[in-house]
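Notes for the one structure printed next.
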Amino acid sequence: DLLGTGAFAVTAAVSHLAGPGKMFVRQRLVAGIVGTWSVKLASFLFFRAIKTGHDARLDELLSTIPGMTTFWLISFLWGWLVISPQTMLAGSAVNVPLGIWGKAAAAIAVTGILIETAADLSKWSFKSNPANKGLFCNVGVWKWSQHPNYAGNLMIWYGVTGLCLPAVLHGSAGMVLGRKLVSALVGPAFLTLLFNGQARGFIADAVEAAEARYGSVAGYKDYVTNTGLIFPWDK
């Protein structure tokens, strides 16, 4: 987690500093958002792994060759595709003023960081309380979403992509415009499919594992039925 998530900060910093538009507000803002999110999440995941002594999410997956191969393949695609809008922006010498839409995209990304942080901290606090042993987390932002950390992460990258597109697409037309648009959108599209696949049980067995662990706990089935899967309206 430290290496995978932390690599986003390194990539954002290096590509930004080496880019022709490093003094432009849009480029600096995107690099700052990506770097802040990366350092924040990598630090939390590393702290959690140190405190628990292992990462329960990965124990079974990494115990087999197919599982390990799947993990590293998805990790590679995640790192390569998701940050593509930022690296494309870093290579652009076009200075496009933020405007109202740029500010709105930045607000979405920052709100996503706050939601993801609230999700991680509230669940950590819940799980750290011995009185909650064997119970499922439905406090804080988890009251409105079964996967609020996914929702926050998606908002970050939707916002970042929205920030990047005006400069990345500026002056392009025809096939060039199409290629740039696809290259910029493939990252958030991949992330959307990945998170929905995990949340719905198509990727890994998180849904089955949660059902086996909490299926007999009072209120769990109602929570799954009535609570948004990723976003509150996604039921």
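Each chain in the structure tokens gets a letter, A, B and so on, in the order shown; residues start at 1 in every chain, and ligands are counted from 1 in the order they appear.
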**Message:** Just list as a PyMOL selection string whatever in region 27-160 of chain A DSSP marks as alpha helix (DSSP H).
**Reply:** chain A and resi 27-52+56-59+65-82+84-90+99-128+148-160
**Prompt:** Val168 (chain A): which residues within 10 Å, counting only C-alpha atoms, same-chain residues fewer than 6 positions away excluded, as a list in words?
**Reply:** Pro85, Gln86, Thr87, Met88, Leu89, Ala90, Gly91, Ser92, Ala93, Val94, Val96, Thr161, Leu177, Lys180, Leu181 and Ala184 of chain A
Store the residues of this selection in a file with N, CA, C and O atoms, as a PDB file, in the first residue's frame.
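Wrote again-v2.pdb, looks like this:
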```pdb
ATOM      1  N   PRO A  85      -4.802  11.153 -16.480  1.00  0.00           N
ATOM      2  CA  PRO A  85      -5.199  12.549 -16.725  1.00  0.00           C
ATOM      3  C   PRO A  85      -4.177  13.550 -16.184  1.00  0.00           C
ATOM      4  O   PRO A  85      -3.889  14.565 -16.831  1.00  0.00           O
ATOM      5  N   GLN A  86      -3.619  13.263 -14.996  1.00  0.00           N
ATOM      6  CA  GLN A  86      -2.635  14.189 -14.420  1.00  0.00           C
ATOM      7  C   GLN A  86      -1.351  14.227 -15.224  1.00  0.00           C
ATOM      8  O   GLN A  86      -0.785  15.301 -15.459  1.00  0.00           O
ATOM      9  N   THR A  87      -0.868  13.084 -15.667  1.00  0.00           N
ATOM     10  CA  THR A  87       0.374  13.072 -16.439  1.00  0.00           C
ATOM     11  C   THR A  87       0.171  13.718 -17.806  1.00  0.00           C
ATOM     12  O   THR A  87       1.082  14.370 -18.337  1.00  0.00           O
ATOM     13  N   MET A  88      -1.008  13.559 -18.392  1.00  0.00           N
ATOM     14  CA  MET A  88      -1.313  14.244 -19.646  1.00  0.00           C
ATOM     15  C   MET A  88      -1.342  15.756 -19.440  1.00  0.00           C
ATOM     16  O   MET A  88      -0.819  16.514 -20.267  1.00  0.00           O
ATOM     17  N   LEU A  89      -1.938  16.192 -18.354  1.00  0.00           N
ATOM     18  CA  LEU A  89      -1.974  17.623 -18.053  1.00  0.00           C
ATOM     19  C   LEU A  89      -0.573  18.164 -17.816  1.00  0.00           C
ATOM     20  O   LEU A  89      -0.233  19.262 -18.272  1.00  0.00           O
ATOM     21  N   ALA A  90       0.258  17.388 -17.106  1.00  0.00           N
ATOM     22  CA  ALA A  90       1.619  17.830 -16.812  1.00  0.00           C
ATOM     23  C   ALA A  90       2.417  18.050 -18.091  1.00  0.00           C
ATOM     24  O   ALA A  90       3.312  18.902 -18.129  1.00  0.00           O
ATOM     25  N   GLY A  91       2.090  17.324 -19.142  1.00  0.00           N
ATOM     26  CA  GLY A  91       2.802  17.478 -20.404  1.00  0.00           C
ATOM     27  C   GLY A  91       2.245  18.570 -21.294  1.00  0.00           C
ATOM     28  O   GLY A  91       2.750  18.789 -22.401  1.00  0.00           O
ATOM     29  N   SER A  92       1.209  19.254 -20.820  1.00  0.00           N
ATOM     30  CA  SER A  92       0.581  20.304 -21.620  1.00  0.00           C
ATOM     31  C   SER A  92       1.175  21.675 -21.287  1.00  0.00           C
ATOM     32  O   SER A  92       1.351  22.032 -20.118  1.00  0.00           O
ATOM     33  N   ALA A  93       1.463  22.447 -22.341  1.00  0.00           N
ATOM     34  CA  ALA A  93       1.975  23.810 -22.167  1.00  0.00           C
ATOM     35  C   ALA A  93       0.859  24.844 -22.254  1.00  0.00           C
ATOM     36  O   ALA A  93       1.117  26.046 -22.348  1.00  0.00           O
ATOM     37  N   VAL A  94      -0.386  24.376 -22.226  1.00  0.00           N
ATOM     38  CA  VAL A  94      -1.545  25.256 -22.354  1.00  0.00           C
ATOM     39  C   VAL A  94      -1.992  25.744 -20.982  1.00  0.00           C
ATOM     40  O   VAL A  94      -2.158  24.941 -20.054  1.00  0.00           O
ATOM     41  N   VAL A  96      -4.988  27.188 -19.223  1.00  0.00           N
ATOM     42  CA  VAL A  96      -6.428  27.452 -19.281  1.00  0.00           C
ATOM     43  C   VAL A  96      -6.885  27.917 -17.896  1.00  0.00           C
ATOM     44  O   VAL A  96      -6.722  27.185 -16.923  1.00  0.00           O
ATOM     45  N   THR A 161     -10.032  14.518 -13.128  1.00  0.00           N
ATOM     46  CA  THR A 161     -10.199  14.396 -14.576  1.00  0.00           C
ATOM     47  C   THR A 161     -10.901  15.618 -15.153  1.00  0.00           C
ATOM     48  O   THR A 161     -10.508  16.145 -16.204  1.00  0.00           O
ATOM     49  N   LEU A 177      -8.389  14.645 -30.924  1.00  0.00           N
ATOM     50  CA  LEU A 177      -9.280  14.940 -29.805  1.00  0.00           C
ATOM     51  C   LEU A 177      -9.844  13.648 -29.224  1.00  0.00           C
ATOM     52  O   LEU A 177      -9.880  13.477 -27.993  1.00  0.00           O
ATOM     53  N   LYS A 180      -7.176  11.688 -27.215  1.00  0.00           N
ATOM     54  CA  LYS A 180      -6.882  12.334 -25.935  1.00  0.00           C
ATOM     55  C   LYS A 180      -8.029  12.129 -24.949  1.00  0.00           C
ATOM     56  O   LYS A 180      -7.798  11.886 -23.750  1.00  0.00           O
ATOM     57  N   LEU A 181      -9.254  12.239 -25.444  1.00  0.00           N
ATOM     58  CA  LEU A 181     -10.417  12.081 -24.572  1.00  0.00           C
ATOM     59  C   LEU A 181     -10.480  10.664 -24.009  1.00  0.00           C
ATOM     60  O   LEU A 181     -10.699  10.471 -22.804  1.00  0.00           O
ATOM     61  N   ALA A 184      -7.781  10.100 -21.403  1.00  0.00           N
ATOM     62  CA  ALA A 184      -8.045  10.765 -20.128  1.00  0.00           C
ATOM     63  C   ALA A 184      -9.165  10.097 -19.348  1.00  0.00           C
ATOM     64  O   ALA A 184      -9.137  10.051 -18.113  1.00  0.00           O
TER      65      ALA A 184
END
```
So that I can see what lies close to Thr227 (chain A), please list as a PDB file with N, CA, C and O atoms, in the first residue's frame the residues with an atom at most 12 Å from it, counting only C-alpha atoms and leaving out residues fewer than 6 positions away in the same chain.
```
ATOM      1  N   ASN A 138     -21.530   0.843  10.771  1.00  0.00           N
ATOM      2  CA  ASN A 138     -22.612   1.630  10.174  1.00  0.00           C
ATOM      3  C   ASN A 138     -22.710   3.002  10.830  1.00  0.00           C
ATOM      4  O   ASN A 138     -23.799   3.557  10.997  1.00  0.00           O
ATOM      5  N   VAL A 141     -20.059   8.238   7.962  1.00  0.00           N
ATOM      6  CA  VAL A 141     -20.471   8.190   6.552  1.00  0.00           C
ATOM      7  C   VAL A 141     -20.913   6.789   6.135  1.00  0.00           C
ATOM      8  O   VAL A 141     -21.544   6.624   5.082  1.00  0.00           O
ATOM      9  N   TRP A 142     -20.594   5.791   6.948  1.00  0.00           N
ATOM     10  CA  TRP A 142     -21.029   4.423   6.652  1.00  0.00           C
ATOM     11  C   TRP A 142     -22.531   4.253   6.848  1.00  0.00           C
ATOM     12  O   TRP A 142     -23.099   3.232   6.446  1.00  0.00           O
ATOM     13  N   LYS A 143     -23.194   5.226   7.430  1.00  0.00           N
ATOM     14  CA  LYS A 143     -24.652   5.177   7.549  1.00  0.00           C
ATOM     15  C   LYS A 143     -25.322   5.385   6.191  1.00  0.00           C
ATOM     16  O   LYS A 143     -26.445   4.926   5.976  1.00  0.00           O
ATOM     17  N   TRP A 144     -24.636   6.095   5.297  1.00  0.00           N
ATOM     18  CA  TRP A 144     -25.230   6.452   4.005  1.00  0.00           C
ATOM     19  C   TRP A 144     -24.683   5.629   2.846  1.00  0.00           C
ATOM     20  O   TRP A 144     -25.226   5.658   1.753  1.00  0.00           O
ATOM     21  N   SER A 145     -23.603   4.907   3.075  1.00  0.00           N
ATOM     22  CA  SER A 145     -22.994   4.123   2.004  1.00  0.00           C
ATOM     23  C   SER A 145     -22.314   2.896   2.579  1.00  0.00           C
ATOM     24  O   SER A 145     -21.685   2.965   3.640  1.00  0.00           O
ATOM     25  N   GLN A 146     -22.426   1.766   1.864  1.00  0.00           N
ATOM     26  CA  GLN A 146     -21.714   0.562   2.283  1.00  0.00           C
ATOM     27  C   GLN A 146     -20.224   0.648   1.964  1.00  0.00           C
ATOM     28  O   GLN A 146     -19.422  -0.070   2.552  1.00  0.00           O
ATOM     29  N   HIS A 147     -19.869   1.530   1.028  1.00  0.00           N
ATOM     30  CA  HIS A 147     -18.478   1.714   0.640  1.00  0.00           C
ATOM     31  C   HIS A 147     -18.178   3.201   0.438  1.00  0.00           C
ATOM     32  O   HIS A 147     -17.857   3.632  -0.677  1.00  0.00           O
ATOM     33  N   PRO A 148     -18.261   4.005   1.500  1.00  0.00           N
ATOM     34  CA  PRO A 148     -18.025   5.442   1.342  1.00  0.00           C
ATOM     35  C   PRO A 148     -16.589   5.775   0.943  1.00  0.00           C
ATOM     36  O   PRO A 148     -16.346   6.819   0.340  1.00  0.00           O
ATOM     37  N   GLY A 219     -29.660  -6.467  12.129  1.00  0.00           N
ATOM     38  CA  GLY A 219     -29.656  -5.226  11.363  1.00  0.00           C
ATOM     39  C   GLY A 219     -28.806  -5.253  10.109  1.00  0.00           C
ATOM     40  O   GLY A 219     -28.899  -4.345   9.280  1.00  0.00           O
ATOM     41  N   TYR A 220     -27.979  -6.296   9.940  1.00  0.00           N
ATOM     42  CA  TYR A 220     -27.063  -6.306   8.792  1.00  0.00           C
ATOM     43  C   TYR A 220     -27.808  -6.425   7.460  1.00  0.00           C
ATOM     44  O   TYR A 220     -27.523  -5.681   6.516  1.00  0.00           O
ATOM     45  N   LYS A 221     -28.763  -7.333   7.394  1.00  0.00           N
ATOM     46  CA  LYS A 221     -29.479  -7.529   6.131  1.00  0.00           C
ATOM     47  C   LYS A 221     -30.273  -6.278   5.749  1.00  0.00           C
ATOM     48  O   LYS A 221     -30.350  -5.909   4.568  1.00  0.00           O
ATOM     49  N   TRP A 233     -27.497   6.997  -3.352  1.00  0.00           N
ATOM     50  CA  TRP A 233     -28.615   6.687  -4.235  1.00  0.00           C
ATOM     51  C   TRP A 233     -28.439   5.371  -5.003  1.00  0.00           C
ATOM     52  O   TRP A 233     -29.322   4.955  -5.747  1.00  0.00           O
ATOM     53  N   ASP A 234     -27.317   4.727  -4.807  1.00  0.00           N
ATOM     54  CA  ASP A 234     -26.978   3.509  -5.562  1.00  0.00           C
ATOM     55  C   ASP A 234     -27.429   2.287  -4.794  1.00  0.00           C
ATOM     56  O   ASP A 234     -26.648   1.629  -4.133  1.00  0.00           O
ATOM     57  N   LYS A 235     -28.734   1.967  -4.874  1.00  0.00           N
ATOM     58  CA  LYS A 235     -29.295   0.864  -4.076  1.00  0.00           C
ATOM     59  C   LYS A 235     -29.738  -0.280  -4.983  1.00  0.00           C
ATOM     60  O   LYS A 235     -29.956  -0.105  -6.159  1.00  0.00           O
TER      61      LYS A 235
END
```
**Item:** Shell of 8 Å around Val30 (chain A), only C-alpha atoms, local chain residues under 2 positions omitted, as a PyMOL selection string
**Value:** chain A and resi 26-28+32-34+86+160+163-164
